[in-house]
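Undergrad: Structure file structure-v6.txt, compact mmCIF, C-alpha atoms, is pasted below:
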# COMPACT_ATOMS: atom_id res chain seq x y z
CA MET A 1 -3.35 32.82 15.14
CA THR A 2 -1.21 29.75 14.60
CA LYS A 3 0.36 29.72 11.18
CA THR A 4 0.29 26.52 9.15
CA TYR A 5 2.52 25.35 6.35
CA ARG A 6 2.05 22.61 3.81
CA PRO A 7 5.39 22.20 1.99
CA LYS A 8 5.31 20.60 -1.46
CA ASP A 9 8.43 18.54 -0.84
CA LEU A 10 11.07 17.73 1.75
CA SER A 11 13.41 20.47 0.56
CA GLU A 12 10.73 23.12 1.16
CA ALA A 13 9.96 21.52 4.54
CA LEU A 14 13.61 21.90 5.56
CA ASP A 15 13.57 25.56 4.44
CA ILE A 16 10.51 26.17 6.61
CA LYS A 17 12.09 24.31 9.52
CA ALA A 18 15.23 26.44 9.24
CA SER A 19 13.33 29.73 9.39
CA THR A 20 10.33 29.09 11.68
CA ASN A 21 9.50 27.31 14.92
CA ALA A 22 6.79 25.19 13.22
CA VAL A 23 6.20 21.80 14.79
CA PRO A 24 6.05 19.01 12.18
CA LEU A 25 2.70 17.21 12.18
CA ALA A 26 2.54 13.90 10.32
CA GLY A 27 -0.34 11.76 11.65
CA GLY A 28 -1.14 14.13 14.49
CA THR A 29 -2.54 11.39 16.73
CA ASP A 30 -0.58 12.67 19.74
CA LEU A 31 -0.32 16.36 18.84
CA MET A 32 -4.03 16.83 18.12
CA VAL A 33 -5.02 15.26 21.43
CA ARG A 34 -2.54 17.45 23.30
CA ALA A 35 -3.86 20.60 21.60
CA LYS A 36 -7.52 19.62 21.95
CA ARG A 37 -10.16 22.12 23.15
CA TRP A 38 -13.94 22.02 23.27
CA SER A 39 -15.96 20.50 20.43
CA GLY A 40 -16.18 22.79 17.46
CA LEU A 41 -13.04 24.73 18.35
CA ALA A 42 -9.81 24.30 16.43
CA PRO A 43 -7.09 22.73 18.58
CA ALA A 44 -4.74 25.28 20.16
CA PHE A 45 -1.09 24.74 19.30
CA GLN A 46 1.75 26.47 21.15
CA SER A 47 3.71 27.01 17.95
CA ASP A 48 3.17 27.13 14.21
CA VAL A 49 2.40 23.81 12.52
CA MET A 50 3.87 22.23 9.40
CA PHE A 51 2.01 19.33 7.79
CA ILE A 52 4.49 16.68 6.64
CA GLY A 53 2.36 13.52 6.45
CA HIS A 54 1.95 13.89 2.67
CA LEU A 55 5.66 14.18 1.82
CA GLU A 56 6.60 11.33 -0.51
CA GLU A 57 10.28 11.50 0.48
CA LEU A 58 9.33 10.47 4.00
CA ARG A 59 7.05 7.62 2.99
CA ARG A 60 9.38 5.15 1.35
CA ILE A 61 10.33 1.73 2.67
CA ALA A 62 13.36 0.09 1.11
CA ASP A 63 15.61 -2.81 1.97
CA ASP A 64 18.86 -4.33 0.89
CA ASN A 65 19.82 -7.65 2.46
CA ASP A 66 21.22 -6.16 5.64
CA TYR A 67 19.11 -3.11 6.42
CA LEU A 68 15.53 -1.95 6.24
CA THR A 69 15.12 1.78 5.67
CA ILE A 70 11.77 3.12 6.83
CA GLY A 71 10.66 6.65 5.97
CA ALA A 72 9.70 8.53 9.13
CA GLY A 73 6.32 9.42 7.62
CA CYS A 74 5.31 5.78 7.06
CA THR A 75 2.21 4.91 9.01
CA LEU A 76 2.29 2.09 11.53
CA THR A 77 -0.03 0.14 9.21
CA GLU A 78 2.43 0.57 6.33
CA VAL A 79 5.37 -0.59 8.46
CA PHE A 80 3.33 -3.56 9.68
CA GLU A 81 2.28 -4.56 6.16
CA ASN A 82 5.81 -4.46 4.76
CA PRO A 83 6.94 -8.09 4.31
CA ILE A 84 10.56 -7.34 5.33
CA THR A 85 9.69 -5.65 8.65
CA PRO A 86 11.25 -7.65 11.52
CA ASP A 87 8.72 -9.77 13.36
CA ILE A 88 9.40 -8.15 16.74
CA LEU A 89 8.49 -4.71 15.36
CA LYS A 90 5.33 -6.14 13.77
CA GLN A 91 4.29 -7.69 17.06
CA ALA A 92 4.71 -4.37 18.85
CA ILE A 93 2.76 -2.48 16.16
CA SER A 94 -0.10 -4.99 16.16
CA ASN A 95 -0.52 -4.28 19.90
CA MET A 96 -0.63 -0.50 19.42
CA ALA A 97 -3.72 1.67 19.72
CA SER A 98 -6.37 0.65 17.16
CA PRO A 99 -6.54 0.16 13.38
CA ALA A 100 -7.85 3.71 12.81
CA ILE A 101 -4.92 5.20 14.73
CA ARG A 102 -2.33 2.88 13.17
CA ASN A 103 -3.62 4.03 9.76
CA ILE A 104 -2.38 7.59 10.32
CA ALA A 105 0.10 7.51 13.23
CA THR A 106 3.68 7.41 11.94
CA ILE A 107 6.78 5.62 13.15
CA GLY A 108 8.71 8.91 13.09
CA GLY A 109 6.06 10.44 15.32
CA ASN A 110 6.29 7.62 17.84
CA ILE A 111 10.08 8.11 18.01
CA CYS A 112 10.01 11.93 18.23
CA ASN A 113 7.28 11.81 20.86
CA ALA A 114 9.91 9.95 22.91
CA SER A 115 7.40 8.68 25.45
CA PRO A 116 8.91 6.24 27.96
CA ALA A 117 5.93 4.04 27.01
CA GLY A 118 6.32 4.48 23.22
CA ASP A 119 5.57 1.05 21.80
CA THR A 120 7.89 0.99 18.79
CA LEU A 121 10.85 1.99 20.95
CA PRO A 122 11.80 -1.26 22.75
CA PRO A 123 11.92 -3.21 19.45
CA LEU A 124 13.87 -0.41 17.75
CA TYR A 125 16.39 -0.29 20.62
CA ALA A 126 16.72 -4.07 20.60
CA LEU A 127 17.23 -4.16 16.82
CA GLY A 128 19.88 -1.43 17.02
CA ALA A 129 17.97 1.10 14.91
CA GLU A 130 19.56 4.34 13.77
CA ILE A 131 17.80 7.61 13.06
CA ILE A 132 18.64 9.68 9.97
CA VAL A 133 18.08 13.32 10.79
CA GLN A 134 17.97 15.87 7.98
CA SER A 135 18.42 19.62 7.78
CA LYS A 136 19.34 22.16 5.11
CA SER A 137 23.01 21.68 5.96
CA GLY A 138 22.95 17.91 5.50
CA GLU A 139 22.12 14.81 7.45
CA ARG A 140 23.39 12.90 10.45
CA LYS A 141 22.90 9.33 11.60
CA ILE A 142 22.25 8.77 15.29
CA PRO A 143 21.72 5.51 17.19
CA ILE A 144 18.22 5.60 18.71
CA GLU A 145 19.52 5.32 22.28
CA GLN A 146 21.48 8.53 21.71
CA PHE A 147 18.64 10.24 19.87
CA ILE A 148 16.20 9.95 22.78
CA VAL A 149 17.55 11.52 25.95
CA GLY A 150 14.58 11.62 28.32
CA PRO A 151 10.78 11.58 28.52
CA GLY A 152 9.61 13.61 25.53
CA GLU A 153 13.17 14.76 24.85
CA THR A 154 15.33 14.12 21.84
CA ILE A 155 18.49 15.74 20.50
CA LEU A 156 16.62 16.91 17.37
CA GLN A 157 17.66 20.49 16.63
CA SER A 158 15.14 23.19 15.70
CA ASP A 159 16.14 23.10 12.02
CA GLU A 160 16.01 19.30 11.73
CA ILE A 161 13.45 16.68 10.70
CA VAL A 162 13.66 12.94 11.19
CA GLY A 163 13.91 11.52 7.68
CA GLU A 164 14.40 7.79 7.99
CA ILE A 165 14.89 4.97 10.41
CA ILE A 166 17.51 2.35 9.58
CA VAL A 167 16.83 -1.07 11.02
CA PRO A 168 19.54 -3.76 10.76
CA LEU A 169 18.08 -7.09 9.62
CA ASP A 170 19.93 -9.44 11.97
CA LYS A 171 18.49 -12.95 12.19
CA PHE A 172 16.95 -14.09 15.46
CA ASP A 173 15.21 -17.40 15.91
CA LYS A 174 13.65 -16.64 19.30
CA THR A 175 11.42 -13.58 19.37
CA PHE A 176 9.44 -12.60 22.43
CA TYR A 177 7.31 -9.48 22.85
CA ARG A 178 4.98 -8.77 25.72
CA LYS A 179 3.09 -5.58 26.45
CA ILE A 180 1.29 -5.27 29.75
CA GLY A 181 -1.65 -2.88 29.43
CA THR A 182 -5.05 -2.51 31.02
CA ARG A 183 -6.75 -3.82 27.90
CA LYS A 184 -5.58 -4.94 24.48
CA ALA A 185 -6.66 -2.01 22.30
CA THR A 186 -5.96 1.70 22.85
CA ALA A 187 -3.98 1.01 26.02
CA LEU A 188 -0.71 2.63 26.97
CA ALA A 189 1.96 0.21 28.16
CA LYS A 190 2.54 -0.27 31.86
CA ILE A 191 5.52 -2.39 30.93
CA SER A 192 6.80 -3.81 27.70
CA PHE A 193 9.49 -6.40 27.15
CA VAL A 194 11.47 -7.42 24.09
CA GLY A 195 13.70 -10.49 24.01
CA LEU A 196 15.53 -11.68 20.91
CA ALA A 197 17.97 -14.57 20.67
CA ARG A 198 19.86 -16.45 17.99
CA ILE A 199 20.69 -19.95 19.10
CA SER A 200 23.08 -22.33 17.40
CA GLY A 201 23.08 -25.81 18.89
CA ASP A 202 23.09 -25.02 22.59
CA ILE A 203 25.03 -21.75 22.27
CA VAL A 204 23.40 -18.32 22.52
CA GLU A 205 25.06 -16.61 19.57
CA ASN A 206 23.23 -13.32 19.84
CA ILE A 207 20.94 -11.81 22.43
CA ARG A 208 18.98 -8.55 22.73
CA ILE A 209 16.87 -7.46 25.67
CA ALA A 210 14.89 -4.24 26.10
CA PHE A 211 12.39 -3.02 28.69
CA GLY A 212 9.90 -0.22 27.98
CA ALA A 213 7.97 2.11 30.33
CA VAL A 214 10.13 1.27 33.35
CA ALA A 215 12.69 4.11 33.22
CA PRO A 216 12.96 7.60 31.66
CA THR A 217 14.11 5.92 28.44
CA VAL A 218 14.07 2.33 27.17
CA VAL A 219 16.43 0.04 29.12
CA ARG A 220 18.89 -1.86 26.96
CA ASP A 221 22.39 -2.74 28.19
CA GLU A 222 24.90 -4.09 25.69
CA LYS A 223 27.39 -4.94 28.45
CA ILE A 224 24.96 -7.36 30.03
CA GLU A 225 24.15 -8.79 26.59
CA ASP A 226 27.91 -9.30 25.99
CA LYS A 227 28.10 -11.45 29.14
CA ILE A 228 25.35 -13.70 27.81
CA ARG A 229 26.53 -13.90 24.22
CA GLY A 230 28.52 -17.06 23.48
CA LYS A 231 27.33 -18.90 26.57
CA LYS A 232 25.60 -22.24 26.56
CA ILE A 233 21.89 -22.03 27.33
CA ALA A 234 22.42 -24.11 30.49
CA GLU A 235 25.04 -21.64 31.71
CA ILE A 236 22.55 -18.76 31.55
CA PHE A 237 20.55 -20.36 34.31
CA ASP A 238 23.66 -20.27 36.53
CA ILE A 239 23.97 -16.50 36.07
CA ALA A 240 20.27 -15.66 35.71
CA ASN A 241 20.03 -14.11 39.18
CA GLU A 242 23.11 -12.00 38.61
CA ILE A 243 21.73 -10.77 35.27
CA ALA A 244 18.36 -9.97 36.84
CA GLN A 245 20.17 -8.03 39.57
CA GLU A 246 22.04 -5.94 37.00
CA TYR A 247 18.87 -5.12 35.10
CA SER A 248 17.11 -4.42 38.37
CA LEU A 249 19.49 -1.50 39.01
CA GLN A 250 18.44 0.06 35.70
CA ILE A 251 14.72 -0.61 36.01
CA ARG A 252 13.62 2.55 37.80
CA PRO A 253 9.88 2.80 37.23
CA ILE A 254 7.51 5.38 38.64
CA ASP A 255 4.08 5.26 40.23
CA ASP A 256 1.51 6.86 37.93
CA GLN A 257 -2.16 6.54 36.97
CA ARG A 258 -1.46 3.41 34.96
CA SER A 259 0.53 1.34 37.43
CA THR A 260 2.89 1.32 40.40
CA ALA A 261 6.67 1.22 40.46
CA GLN A 262 6.63 -1.97 42.51
CA TYR A 263 4.35 -3.81 40.06
CA ARG A 264 6.37 -2.63 37.08
CA LYS A 265 9.66 -3.80 38.55
CA GLU A 266 8.34 -7.14 39.71
CA VAL A 267 6.69 -7.94 36.38
CA SER A 268 9.70 -6.77 34.34
CA LEU A 269 11.98 -9.22 36.14
CA ARG A 270 9.42 -12.01 35.82
CA LEU A 271 9.21 -11.41 32.08
CA LEU A 272 12.99 -11.71 31.91
CA LYS A 273 12.82 -14.99 33.82
CA TYR A 274 10.02 -16.21 31.57
CA PHE A 275 12.13 -15.34 28.54
CA TRP A 276 14.98 -17.61 29.74
CA GLU A 277 12.79 -20.45 30.93
CA SER A 278 10.09 -20.59 28.26
CA VAL A 279 11.42 -18.90 25.14
CA VAL A 280 15.19 -19.32 24.93
CA VAL A 281 15.12 -22.94 26.08
CA MET B 1 -2.17 27.72 3.68
CA SER B 2 -4.74 28.58 1.08
CA GLN B 3 -7.84 26.67 0.09
CA ILE B 4 -8.20 23.04 1.15
CA LYS B 5 -9.61 20.75 -1.53
CA PHE B 6 -10.71 17.17 -1.10
CA THR B 7 -13.29 14.68 -2.32
CA LEU B 8 -16.23 14.11 -0.02
CA ASN B 9 -18.41 11.11 -0.83
CA GLY B 10 -17.37 11.26 -4.48
CA LYS B 11 -17.83 15.02 -4.93
CA SER B 12 -14.99 17.53 -5.17
CA VAL B 13 -15.24 20.14 -2.43
CA ALA B 14 -13.12 23.10 -1.33
CA ILE B 15 -13.10 25.15 1.85
CA ASP B 16 -11.36 28.24 3.17
CA SER B 17 -10.81 27.35 6.76
CA ASN B 18 -8.30 27.15 9.57
CA PRO B 19 -6.32 24.03 8.50
CA LEU B 20 -6.02 22.95 12.13
CA ARG B 21 -9.78 22.47 12.54
CA ARG B 22 -10.73 18.88 13.17
CA LEU B 23 -12.01 17.02 10.12
CA LEU B 24 -14.89 15.97 12.41
CA ASP B 25 -16.04 19.58 12.88
CA VAL B 26 -15.66 20.39 9.19
CA LEU B 27 -17.73 17.36 8.19
CA ARG B 28 -20.47 18.04 10.73
CA GLU B 29 -20.68 21.83 10.61
CA ASP B 30 -19.58 22.85 7.11
CA PHE B 31 -20.97 19.84 5.23
CA LYS B 32 -23.77 18.77 7.60
CA ASN B 33 -22.57 15.17 7.63
CA THR B 34 -23.94 14.70 11.11
CA GLY B 35 -23.79 10.91 10.90
CA VAL B 36 -20.17 11.45 11.94
CA LYS B 37 -20.45 11.50 15.73
CA GLU B 38 -18.19 12.90 18.40
CA GLY B 39 -17.69 10.57 21.35
CA CYS B 40 -14.41 10.94 23.20
CA GLY B 41 -12.75 13.52 20.95
CA GLU B 42 -9.35 11.90 21.40
CA GLY B 43 -9.25 8.93 19.06
CA GLU B 44 -10.24 6.26 21.56
CA CYS B 45 -13.88 5.47 20.72
CA GLY B 46 -14.31 5.43 16.93
CA ALA B 47 -17.70 7.20 16.83
CA CYS B 48 -16.22 9.72 14.39
CA ALA B 49 -14.66 7.10 12.10
CA VAL B 50 -14.58 7.86 8.37
CA LEU B 51 -12.63 6.44 5.45
CA LEU B 52 -9.60 8.45 4.33
CA ASN B 53 -8.37 7.12 0.98
CA GLY B 54 -10.16 3.88 1.81
CA LYS B 55 -8.62 3.53 5.28
CA LEU B 56 -10.43 3.89 8.58
CA VAL B 57 -9.42 7.00 10.58
CA ASN B 58 -10.82 8.91 13.54
CA SER B 59 -11.87 12.29 12.18
CA CYS B 60 -11.60 13.93 15.63
CA ILE B 61 -7.79 13.80 15.54
CA VAL B 62 -7.25 14.60 11.86
CA PRO B 63 -6.63 18.28 11.09
CA VAL B 64 -8.42 19.18 7.87
CA GLY B 65 -5.25 20.74 6.43
CA ALA B 66 -3.60 17.33 6.45
CA ILE B 67 -6.15 15.77 4.07
CA ASP B 68 -5.77 18.20 1.16
CA GLY B 69 -6.21 16.18 -2.05
CA SER B 70 -7.58 13.09 -0.28
CA GLU B 71 -10.82 11.16 -0.59
CA ILE B 72 -13.16 11.07 2.38
CA VAL B 73 -16.17 8.79 2.70
CA THR B 74 -18.60 9.29 5.58
CA ILE B 75 -21.62 7.21 6.52
CA GLU B 76 -23.71 9.65 4.42
CA GLY B 77 -21.81 8.59 1.30
CA PHE B 78 -21.38 4.95 2.20
CA ARG B 79 -25.08 4.44 2.77
CA LYS B 80 -25.70 4.79 -0.97
CA THR B 81 -23.67 1.65 -1.72
CA GLU B 82 -24.81 -1.94 -2.10
CA ARG B 83 -22.40 -3.06 0.57
CA PHE B 84 -24.04 -0.73 3.06
CA LYS B 85 -27.36 -2.49 2.53
CA ILE B 86 -25.84 -5.88 3.33
CA ILE B 87 -24.03 -4.55 6.42
CA SER B 88 -27.04 -2.58 7.62
CA ASP B 89 -29.34 -5.59 7.25
CA ALA B 90 -26.82 -7.75 9.13
CA PHE B 91 -26.65 -5.22 11.99
CA ALA B 92 -30.45 -5.24 12.22
CA GLU B 93 -30.71 -9.02 12.09
CA ALA B 94 -28.00 -9.57 14.71
CA GLY B 95 -29.43 -6.96 17.08
CA ALA B 96 -26.19 -4.99 16.83
CA VAL B 97 -27.84 -1.59 17.29
CA GLN B 98 -29.28 -0.31 20.52
CA CYS B 99 -28.86 3.41 21.18
CA GLY B 100 -27.22 3.78 17.77
CA PHE B 101 -24.60 6.40 18.63
CA CYS B 102 -21.64 4.15 17.83
CA THR B 103 -23.33 2.60 14.79
CA PRO B 104 -22.08 4.91 12.00
CA GLY B 105 -18.50 4.36 13.20
CA MET B 106 -19.11 0.62 13.57
CA ILE B 107 -20.44 0.43 10.01
CA MET B 108 -17.41 2.28 8.67
CA ALA B 109 -15.11 -0.04 10.64
CA THR B 110 -17.03 -3.04 9.26
CA GLU B 111 -16.55 -1.73 5.74
CA ALA B 112 -12.82 -1.26 6.46
CA ILE B 113 -12.58 -4.89 7.62
CA LEU B 114 -14.58 -6.46 4.79
CA SER B 115 -13.04 -4.41 1.98
CA GLN B 116 -9.62 -5.81 2.97
CA ASN B 117 -10.66 -9.28 4.00
CA PRO B 118 -14.01 -10.64 2.73
CA SER B 119 -13.94 -13.63 5.11
CA PRO B 120 -12.44 -12.46 8.40
CA THR B 121 -12.09 -14.74 11.41
CA ARG B 122 -13.73 -13.77 14.69
CA ASP B 123 -10.33 -12.58 16.00
CA GLU B 124 -9.74 -10.49 12.90
CA ILE B 125 -13.17 -8.91 13.31
CA ALA B 126 -12.49 -8.18 16.99
CA ASP B 127 -9.19 -6.54 16.06
CA GLY B 128 -10.84 -4.56 13.27
CA LEU B 129 -13.48 -3.25 15.69
CA SER B 130 -11.04 -2.75 18.59
CA GLY B 131 -10.96 1.03 18.19
CA ASN B 132 -14.75 1.35 18.27
CA LEU B 133 -16.57 1.31 21.58
CA CYS B 134 -20.19 0.28 22.09
CA ARG B 135 -21.61 0.73 25.56
CA CYS B 136 -24.95 -0.99 24.86
CA THR B 137 -24.53 -4.29 23.09
CA GLY B 138 -21.44 -5.69 24.75
CA MET B 139 -19.86 -5.99 21.29
CA ASN B 140 -20.79 -9.65 20.71
CA MET B 141 -23.80 -8.82 18.56
CA ILE B 142 -21.70 -6.43 16.51
CA ILE B 143 -19.08 -9.10 15.89
CA GLU B 144 -21.90 -11.44 14.87
CA ALA B 145 -23.26 -8.77 12.54
CA VAL B 146 -19.90 -8.53 10.77
CA GLU B 147 -19.79 -12.33 10.45
CA LEU B 148 -23.30 -12.27 9.03
CA ALA B 149 -22.46 -9.48 6.59
CA SER B 150 -19.43 -11.44 5.46
CA LYS B 151 -21.55 -14.56 4.96
CA ASN B 152 -24.16 -12.58 3.04
CA GLY B 153 -21.57 -11.38 0.57
CA GLY B 154 -20.70 -8.08 2.23
CA GLY B 155 -17.05 -8.69 1.52
CA LYS B 156 -17.37 -9.22 -2.22
Would you give me this structure, written as structure tokens?
TA:
Amino acid sequence: MTKTYRPKDLSEALDIKASTNAVPLAGGTDLMVRAKRWSGLAPAFQSDVMFIGHLEELRRIADDNDYLTIGAGCTLTEVFENPITPDILKQAISNMASPAIRNIATIGGNICNASPAGDTLPPLYALGAEIIVQSKSGERKIPIEQFIVGPGETILQSDEIVGEIIVPLDKFDKTFYRKIGTRKATALAKISFVGLARISGDIVENIRIAFGAVAPTVVRDEKIEDKIRGKKIAEIFDIANEIAQEYSLQIRPIDDQRSTAQYRKEVSLRLLKYFWESVVV
Amino acid sequence: MSQIKFTLNGKSVAIDSNPLRRLLDVLREDFKNTGVKEGCGEGECGACAVLLNGKLVNSCIVPVGAIDGSEIVTIEGFRKTERFKIISDAFAEAGAVQCGFCTPGMIMATEAILSQNPSPTRDEIADGLSGNLCRCTGMNMIIEAVELASKNGGGK
């Protein structure tokens, strides 16, 4: 039978992680569905399970002026309700699942699940979030785009737990989020788009663009952003086709039960165009 | 893990059980709270909704081991409150119940909305009910029922 652990604190959780193969379960909203069997039967897990949703060390949210630090065990509702949470992340969370799921699903879980369609991921990539990973031997800080390496794959080692997410609090005055799903609630994204810009006069001082669910991992390209940064808004329209072409090479969607590759690519590029024409301007 | 202790509808309870069992099954089978319904079994329909420390959750995707030390309220407990009476009357008046299978979850979701926001807008109600599916009424009557309950003091 599957063994379960309920550590009293983070230190005990790291001990258990170092000596067993137990999968950490915080909200369980993905894991329980994956392990589901018939009614009345306990879900069948492939490995031992360690409950971590109750650990206080993973549930703190703190900010100084420049960074927001979110405990990995904070629920989506808690992240949403925090007054300092960047607007783009709030918009993504408010479009996720349903209130009952947001009340227990955690931000750390959404990151570790590493789904190409994970809804917190495009905002976290665009904001330049970093993941604090903890183990008995210490901690390391990893940019999110290096932490997630493929669908369902992260570089988390077997003795490690995601402790916190660090979100830089850069100012943006144009914020655009769009999730394309079959319906508003409890829908997985076919495509999601994040666009952030800071404009001063007619100059684009800062720009962030991320696409979700259209490649094995979220698409964000700092080199393309560098080309846009510092330009006048009018100049962006001159290079808009070239930019779209560069993103187009990285937007490599698949056909699946939710949508087609062709639709995903077409709509992604239209959202980019919409961002220039209706949001940045 | 040893014994799992929690509060169910105001009473302290303890069980020796596989901690991975769904809270839904524990509530229905061990505690005979059969007002908690199973619809989809994967968190999409809200028929199994209960309050966990005052917040709405789907009991079909909560392992019972995760709720050690928490407070659970099911429709069986909530129906003894004054607020239930107001909400229940509003559901009846608005014609918000047909087959009734989704109703316990809808009532719990209504309580979750009104306890946070006594005067919700129509959009806020729709968002609050967005994880609960009704296949009979088309949802409009349920939204109207929540509006009515709010007007009748269900939020106070």
Undergrad: Please provide as a ChimeraX atom specification all residues within 12 Å of stretch 73-77 of chain A, with the sequence filter that same-chain residues fewer than 3 positions apart are discarded (counting all atoms listed in the file).
TA: /A:10,24-29,51-62,69-70,80-83,85,89-112,119-120,161-165 /B:55-57
Undergrad: With only C-alpha atoms as the atoms that count, which of B:Ala149, B:Ala66, B:Met141, B:Val50 lies nearest to B:Ala109?
TA: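 Counting only C-alpha atoms, the residue closest to B:Ala109 is B:Val50.
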Undergrad: List the residues sitting within 12 Å of (6.1, -10.5, 34.3) in the file's frame, using all atoms listed in the file, as a VMD selection string.
TA: chain A and resid 177 to 181 190 to 194 211 262 to 275
Undergrad: Sorted by chain and rising residue number, which residues of chain B lie within 8 Å of chain A, and what are their closest atom pairs and distances in Å to one decimal, counting all atoms listed in the file, as a tab-separated table?
TA:
residue	atom	partner	partner_atom	distance
B:Met1	CA	A:Tyr5	CA	5.9
B:Asn18	CA	A:Ala42	CA	7.6
B:Pro19	CA	A:Thr4	CA	7.1
B:Leu20	CA	A:Ala42	CA	5.9
B:Arg21	CA	A:Ala42	CA	4.3
B:Arg22	CA	A:Ala42	CA	6.4
B:Asp25	CA	A:Gly40	CA	5.6
B:Gly41	CA	A:Ser39	CA	7.7
B:Glu42	CA	A:Val33	CA	5.5
B:Gly43	CA	A:Ile101	CA	7.2
B:Glu44	CA	A:Thr186	CA	6.4
B:Gly46	CA	A:Ala100	CA	7.9
B:Ala49	CA	A:Ala100	CA	7.6
B:Lys55	CA	A:Asn103	CA	6.7
B:Leu56	CA	A:Ala100	CA	5.0
B:Val57	CA	A:Ala100	CA	4.3
B:Asn58	CA	A:Ala100	CA	6.0
B:Ile61	CA	A:Met32	CA	5.5
B:Val62	CA	A:Gly28	CA	6.7
B:Pro63	CA	A:Met32	CA	7.6
B:Gly65	CA	A:Phe51	CA	7.5
B:Ala66	CA	A:Phe51	CA	6.1
B:Asp127	CA	A:Pro99	CA	7.7
B:Gly128	CA	A:Pro99	CA	6.4
B:Ser130	CA	A:Ala185	CA	5.8
B:Gly131	CA	A:Ser98	CA	4.7
Undergrad: Put those residues in a file: C-alpha atoms, as an mmCIF file, in the coordinates of the input.
TA:
data_model
loop_
_atom_site.group_PDB
_atom_site.id
_atom_site.type_symbol
_atom_site.label_atom_id
_atom_site.label_comp_id
_atom_site.auth_asym_id
_atom_site.auth_seq_id
_atom_site.Cartn_x
_atom_site.Cartn_y
_atom_site.Cartn_z
ATOM 1 C CA MET B 1 -2.170 27.720 3.680
ATOM 2 C CA ASN B 18 -8.300 27.150 9.570
ATOM 3 C CA PRO B 19 -6.320 24.030 8.500
ATOM 4 C CA LEU B 20 -6.020 22.950 12.130
ATOM 5 C CA ARG B 21 -9.780 22.470 12.540
ATOM 6 C CA ARG B 22 -10.730 18.880 13.170
ATOM 7 C CA ASP B 25 -16.040 19.580 12.880
ATOM 8 C CA GLY B 41 -12.750 13.520 20.950
ATOM 9 C CA GLU B 42 -9.350 11.900 21.400
ATOM 10 C CA GLY B 43 -9.250 8.930 19.060
ATOM 11 C CA GLU B 44 -10.240 6.260 21.560
ATOM 12 C CA GLY B 46 -14.310 5.430 16.930
ATOM 13 C CA ALA B 49 -14.660 7.100 12.100
ATOM 14 C CA LYS B 55 -8.620 3.530 5.280
ATOM 15 C CA LEU B 56 -10.430 3.890 8.580
ATOM 16 C CA VAL B 57 -9.420 7.000 10.580
ATOM 17 C CA ASN B 58 -10.820 8.910 13.540
ATOM 18 C CA ILE B 61 -7.790 13.800 15.540
ATOM 19 C CA VAL B 62 -7.250 14.600 11.860
ATOM 20 C CA PRO B 63 -6.630 18.280 11.090
ATOM 21 C CA GLY B 65 -5.250 20.740 6.430
ATOM 22 C CA ALA B 66 -3.600 17.330 6.450
ATOM 23 C CA ASP B 127 -9.190 -6.540 16.060
ATOM 24 C CA GLY B 128 -10.840 -4.560 13.270
ATOM 25 C CA SER B 130 -11.040 -2.750 18.590
ATOM 26 C CA GLY B 131 -10.960 1.030 18.190
#
Undergrad: Figure out the distance between atom CA of B:Gly39 and atom CA of A:Asp256, please, to one decimal in Å.
TA: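 One can read the atom CA of A:Asp256 to atom CA of B:Gly39 distance as 25.6 Å.
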Undergrad: One decimal, in Å: what's the spacing between atom CA of B:Leu24 and atom CA of B:Ser59?
TA: 4.8 Å
Undergrad: For the atom pair atom CA of A:Phe172 and atom CA of A:Val204, what is the interatomic distance in Å to one decimal place?
TA: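 A separation of 10.5 Å between them.
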Undergrad: Near B:Ser12, counting all atoms listed in the file, which residues have an atom at most 10 Å away, once you skip same-chain residues fewer than 6 positions from it, shown as a VMD selection string?
TA: chain B and resid 5 to 6 69 to 71
Undergrad: Counting all atoms listed in the file, which residue out of A:Pro151, A:Pro116, A:Asp255, A:Val79 sits closest to A:Leu188?
TA: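 Closest to A:Leu188, using all atoms listed in the file: A:Pro116.
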Undergrad: Name the residues in contact with B:Asn9 at a cut-off of 12 Å, using all atoms listed in the file, excluding same-chain residues fewer than 4 positions from it; report them as a PyMOL selection string.
TA: chain B and resi 13+27+31+33+50-54+70-81
Undergrad: Which residue is closest to A:Lys174? Choose from A:Ile239, A:Lys231, A:Arg208, A:Val279 and count all atoms listed in the file.
TA: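 Once distances to A:Lys174 are computed over all atoms listed in the file, the minimum belongs to A:Val279.
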Undergrad: Compare B:Leu148, B:Val97, B:Asp16, B:Cys40 by their minimum atom-to-atom distance to B:Leu114, counting all atoms listed in the file, and give me the closest one.
TA: B:Leu148
Undergrad: Set the distance at 12 Å and use all atoms listed in the file: which residues neighbour B:Cys134 once local chain neighbours fewer than 3 positions away are removed? I'd like the list as a list in words.
TA: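 Neighbouring residues, sequence-local ones excluded: Gly39, Glu44, Cys45, Gly46, Ala47, Ala96, Val97, Gln98, Cys99, Gly100, Phe101, Cys102, Thr103, Pro104, Gly105, Met106, Leu129, Ser130, Gly131, Thr137, Gly138, Met139, Asn140, Met141, Ile142 and Ile143 of chain B.
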